[in-house]
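Written out below as structure tokens is the structure these notes cover.
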Amino acid sequence: MGSAPPSLELRGLTLHYEGHPLFAGLDLTVEAGRCTALLGASGVGKTSLLRIAAGLAAPDAGTVQASDGVPLRGRVAWMGQQDLLYPWARALENVTIGSRLRGEKPDKARAEELLNAVGLQGRERALPKELSGGMRQRVALARTLYENRPVVLMDEPFSALDAITRATMQELAATLLAGRTTLLITHDPLEACRLGHRLYVMAGRPARLEREIAVPGTPPRAPDDEELLHTQGLLMRALLKGRAT
Amino acid sequence: MRATLRPVITLLGLLVLWWIVARFAGIPNFMLPGPAEVARALTAQSGFLFQNMLATLTEIVLGLIFGTLFGAALALAMVFSRGLQRWILPLLLLSQAVPVFALAPLLVLWLGFGLASKVLMAILVIFFPVTAAFYDGLRRTEPGWLDLAHTMGATRLSVLLRVRLMAALPAFGAGLRIAAAVAPIGAILGEWAGASQGLGYVMLNANARMQTDLMFAALVLLAALTILLWVAVDVLLKRLLHWAPDG
């Protein structure tokens with residue numbers, strides 16, 4: 001990562017969808033070196049917000065900046081809802097795909113290390129179709145780590161996995177991504193509670209961020225932690241309330 | 001086992017049906033010869049037929065190679081540049097609006113009785129399904145794959161070559177399968193319009209001389225050629241696209 005990661009500052013973001021504001025004047029600071037979890041129901045505009053932060057879409061108004069003033073381009077890694085592995089590339093090639101796409105020489109040794117770290121040693125030559133959903137998401141995590149960017153944006157990266165695989169992946173991701181400025185969006189209160197240092201609920205139309213919800217302890221929190229379970233309940237309530245309005 | 005047995009059973013069934021019709025329907029021999037007569041013609045003139053089959057095969061294979069390259073290049077050009085796409089697309093439609101059958105005599109007039117006019121006919125028949133399928137595949141890349149490449153700082157050219165091109169290969173394969181199946185049409189049309197060799201030429205001559213058995217023999221060889229070609233392309237594509245989720 002090199003120098004200390006910056007915080008990510010989203011200021012006054014406004015986006016319209018089919019003539020209606022999805023969010024208007026939205027502010028969010030993603031704290032440096034921490035994981036900020038953004039929780040919201042489907043269709044509230046979470047993914048749009050993340051795409052704007054990733055530079056994949058432009059807002060109607062507002063800015064996304066790094067606290068150190070350096071442009072964000074090339075400093076953001078993105079993990080989507082699907083693993084997005086290229087089916088024609090083997091596991092190792094998928095991990096190093098960023099290098100290939102930029103016309104750089106792939107660092108195979110580091111890619112192998114990362115595949116080891118996510119528990120896929122010996123599967124370097126496997127094609128995506130030969131891997132299970134959980135394994136594919138591990139390759140995607142290794143690919144994200146290979147990019148070695150200070151800022152990581154995650155769009156419900158584990159939502160397609162079964163509950164047990166998801167829990168394992170959450171722990172692995174929290175451990176391996178520790179120290180990076182991470183923005184995680186999710187519709188799963190448990191995931192938000194387990195992974196987020198900071199936690200916000202996004203609700204309403206236009207969507208607003210409700211006040212920060214504090215979860216005691218450091219991520220990845222145990223899924224049976226009592227305080228976590230309590231917060232999870234509160235979050236569920238907040239989400240349901242957001243839905244009704 | 002079953003997969004290989006089924007086509008054999010179908011083929012045998014068709015042969016038996018043919019034999020029954022030829023034998024018992026009261027159709028004169030010069031109109032519909034039976035399988036035995038055709039087999040006799042096949043063996044009696046095997047050298048002559050084989051030579052002409054090679055001529056037709058050469059036309060088809062050359063047409064398939066150049067037609068595929070041309071078709072793929074057109075699709076890539078249209079995807080790479082919107083400006084090019086605006087010029088190429090109407091031409092593409094025009095090329096299909098003019099019936100190839102009407103073009104065949106013209107091509108023979110311009111390019112002569114030799115190989116060139118037949119290969120060009122085959123190219124005209126082949127390139128369109130390749131272009132259409134490949135272009136479609138290139139435009140329908142999974143948006144997430146493109147987003148990912150974008151966040152990784154990929155250039156437009158590397159996205160096209162390393163992501164969109166690869167992702168479009170299954171669609172390209174579908175186009176190529178169709179092309180392999182229709183390729184003989186182009187070659188035969190060209191031979192009918194004017195040629196000095198080839199299975200189409202043999203069929204035309206045999207027909208004029210009432211040698212219906214020879215005509216059928218050429219037809220059988222042409223069908224076998226088409227099927228073999230299709231199977232070869234299919235095997236090649238399955239190897240090439242072994243990574244595809246449902247390949």
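Here, A, B, ... name the chains of the structure tokens in the order displayed, residue numbers run from 1 inside each chain, and ligands are numbered from 1 in the same displayed order.
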Exercise. Find the residues in chain A near chain B: any atom within 9 Å counts, using only C-alpha atoms. Write them as a VMD selection string.
Key: chain A and resid 54 to 56 73 to 82 84 to 90 97 to 103 127 to 129 147
Writer output for current selection, N, CA and C atoms, as a CSV table (one decimal), in the first residue's frame:
```csv
chain,number,residue,atom,x,y,z
A,54,ALA,N,-16.5,4.8,-7.0
A,54,ALA,CA,-15.5,4.0,-7.8
A,54,ALA,C,-15.1,4.7,-9.1
A,55,GLY,N,-15.8,5.8,-9.4
A,55,GLY,CA,-15.5,6.5,-10.6
A,55,GLY,C,-16.1,5.8,-11.8
A,56,LEU,N,-17.1,4.9,-11.6
A,56,LEU,CA,-17.7,4.2,-12.7
A,56,LEU,C,-18.9,4.9,-13.2
A,73,ARG,N,-8.1,8.2,-9.0
A,73,ARG,CA,-7.9,7.3,-10.1
A,73,ARG,C,-6.7,6.4,-9.9
A,74,GLY,N,-6.9,5.1,-10.0
A,74,GLY,CA,-5.8,4.1,-9.8
A,74,GLY,C,-5.5,3.8,-8.4
A,75,ARG,N,-6.3,4.3,-7.4
A,75,ARG,CA,-6.1,4.0,-6.0
A,75,ARG,C,-7.3,3.3,-5.4
A,76,VAL,N,-8.2,2.9,-6.2
A,76,VAL,CA,-9.4,2.2,-5.7
A,76,VAL,C,-9.5,0.8,-6.3
A,77,ALA,N,-9.8,-0.2,-5.4
A,77,ALA,CA,-10.1,-1.5,-5.8
A,77,ALA,C,-11.6,-1.8,-5.6
A,78,TRP,N,-12.1,-2.6,-6.4
A,78,TRP,CA,-13.6,-2.7,-6.4
A,78,TRP,C,-14.0,-4.2,-6.4
A,79,MET,N,-14.9,-4.5,-5.5
A,79,MET,CA,-15.3,-5.9,-5.4
A,79,MET,C,-16.8,-5.9,-5.5
A,80,GLY,N,-17.4,-6.6,-6.6
A,80,GLY,CA,-18.8,-6.5,-6.9
A,80,GLY,C,-19.6,-7.6,-6.3
A,81,GLN,N,-20.9,-7.5,-6.6
A,81,GLN,CA,-21.9,-8.5,-6.1
A,81,GLN,C,-21.5,-9.9,-6.5
A,82,GLN,N,-21.1,-10.0,-7.8
A,82,GLN,CA,-20.6,-11.3,-8.3
A,82,GLN,C,-19.1,-11.3,-8.2
A,84,LEU,N,-17.2,-11.9,-10.6
A,84,LEU,CA,-16.7,-11.3,-11.9
A,84,LEU,C,-15.4,-11.9,-12.3
A,85,LEU,N,-15.2,-13.2,-12.1
A,85,LEU,CA,-14.0,-13.8,-12.6
A,85,LEU,C,-14.2,-14.0,-14.1
A,86,TYR,N,-13.1,-13.8,-14.9
A,86,TYR,CA,-13.2,-14.0,-16.3
A,86,TYR,C,-13.2,-15.5,-16.6
A,87,PRO,N,-14.2,-16.1,-17.2
A,87,PRO,CA,-14.3,-17.5,-17.2
A,87,PRO,C,-13.2,-18.2,-18.1
A,88,TRP,N,-12.6,-17.4,-19.0
A,88,TRP,CA,-11.6,-18.0,-19.8
A,88,TRP,C,-10.2,-18.0,-19.1
A,89,ALA,N,-10.1,-17.3,-18.0
A,89,ALA,CA,-8.8,-17.2,-17.4
A,89,ALA,C,-8.7,-18.2,-16.1
A,90,ARG,N,-7.6,-18.8,-15.9
A,90,ARG,CA,-7.4,-19.7,-14.8
A,90,ARG,C,-7.3,-18.8,-13.5
A,97,ILE,N,-5.1,-10.3,-13.4
A,97,ILE,CA,-5.7,-9.8,-14.6
A,97,ILE,C,-5.5,-8.3,-14.7
A,98,GLY,N,-5.4,-7.6,-13.5
A,98,GLY,CA,-5.2,-6.1,-13.5
A,98,GLY,C,-3.9,-5.8,-14.2
A,99,SER,N,-2.8,-6.5,-13.9
A,99,SER,CA,-1.5,-6.3,-14.5
A,99,SER,C,-1.6,-6.4,-16.0
A,100,ARG,N,-2.3,-7.6,-16.5
A,100,ARG,CA,-2.4,-7.8,-17.9
A,100,ARG,C,-3.2,-6.7,-18.6
A,101,LEU,N,-4.3,-6.2,-17.9
A,101,LEU,CA,-5.1,-5.2,-18.5
A,101,LEU,C,-4.4,-3.9,-18.6
A,102,ARG,N,-3.4,-3.6,-17.7
A,102,ARG,CA,-2.6,-2.4,-17.8
A,102,ARG,C,-1.4,-2.5,-18.6
A,103,GLY,N,-1.2,-3.8,-19.2
A,103,GLY,CA,0.0,-4.0,-20.0
A,103,GLY,C,1.3,-4.1,-19.2
A,127,LEU,N,-10.0,-23.5,-13.7
A,127,LEU,CA,-10.9,-22.5,-14.4
A,127,LEU,C,-12.0,-22.2,-13.4
A,128,PRO,N,-12.6,-20.9,-13.6
A,128,PRO,CA,-13.7,-20.6,-12.7
A,128,PRO,C,-14.8,-21.6,-12.6
A,129,LYS,N,-15.1,-22.2,-13.8
A,129,LYS,CA,-16.3,-23.2,-13.8
A,129,LYS,C,-15.9,-24.4,-13.0
A,147,GLU,N,-4.3,-6.1,-6.4
A,147,GLU,CA,-4.3,-4.7,-6.9
A,147,GLU,C,-3.7,-3.8,-5.9
```
Quiz item: Among region 44-177 of chain A, which residues carry a DSSP assignment of alpha helix (DSSP H), reported as a PyMOL selection string?
Solution: chain A and resi 46-53+91-95+97-102+108-117+133-147+163-176
Quiz item: Quick one: residues within 7 Å of region 171-174 of chain A, only C-alpha atoms counted, chain neighbours fewer than 3 positions away excluded, as a PyMOL selection string?
Solution: chain A and resi 167-168+177-178+195+219-220
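With only C-alpha atoms as the atoms that count, the residue of A:Gly69, A:Thr144, A:Gln137, A:Arg194 with the shortest distance to Val95 (chain A) is A:Thr144.
CA of Pro184 (chain B) is positioned 20.9 Å from CA of Gly47 (chain B).
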Exercise. Measuring atom to atom with only C-alpha atoms, identify which of A:Ala238, A:Ala203, A:His20, A:Ala32 is nearest to Asp68 (chain A).
Key: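 Counting only C-alpha atoms, the residue closest to Asp68 (chain A) is A:Ala32.
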Exercise. Skip His197 (chain A) itself and residues of its chain fewer than 6 positions away, then list as a PyMOL selection string all residues within 8 Å of it, counting only C-alpha atoms.
Key: chain A and resi 34-37+215+218-219
Deliver the residues from the most recent selection as a file, using C-alpha atoms, as a PDB file, in the first residue's frame.
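The file below, out05.pdb, is the result:
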```pdb
ATOM      1  CA  ARG A  34     -11.165   1.585   8.631  1.00  0.00           C
ATOM      2  CA  CYS A  35     -14.178  -0.266   7.307  1.00  0.00           C
ATOM      3  CA  THR A  36     -17.338   1.790   6.941  1.00  0.00           C
ATOM      4  CA  ALA A  37     -20.456  -0.276   6.407  1.00  0.00           C
ATOM      5  CA  VAL A 215     -20.996  -1.456  17.485  1.00  0.00           C
ATOM      6  CA  THR A 218     -13.328  -4.684  16.529  1.00  0.00           C
ATOM      7  CA  PRO A 219     -14.107  -6.479  13.275  1.00  0.00           C
TER       8      PRO A 219
END
```
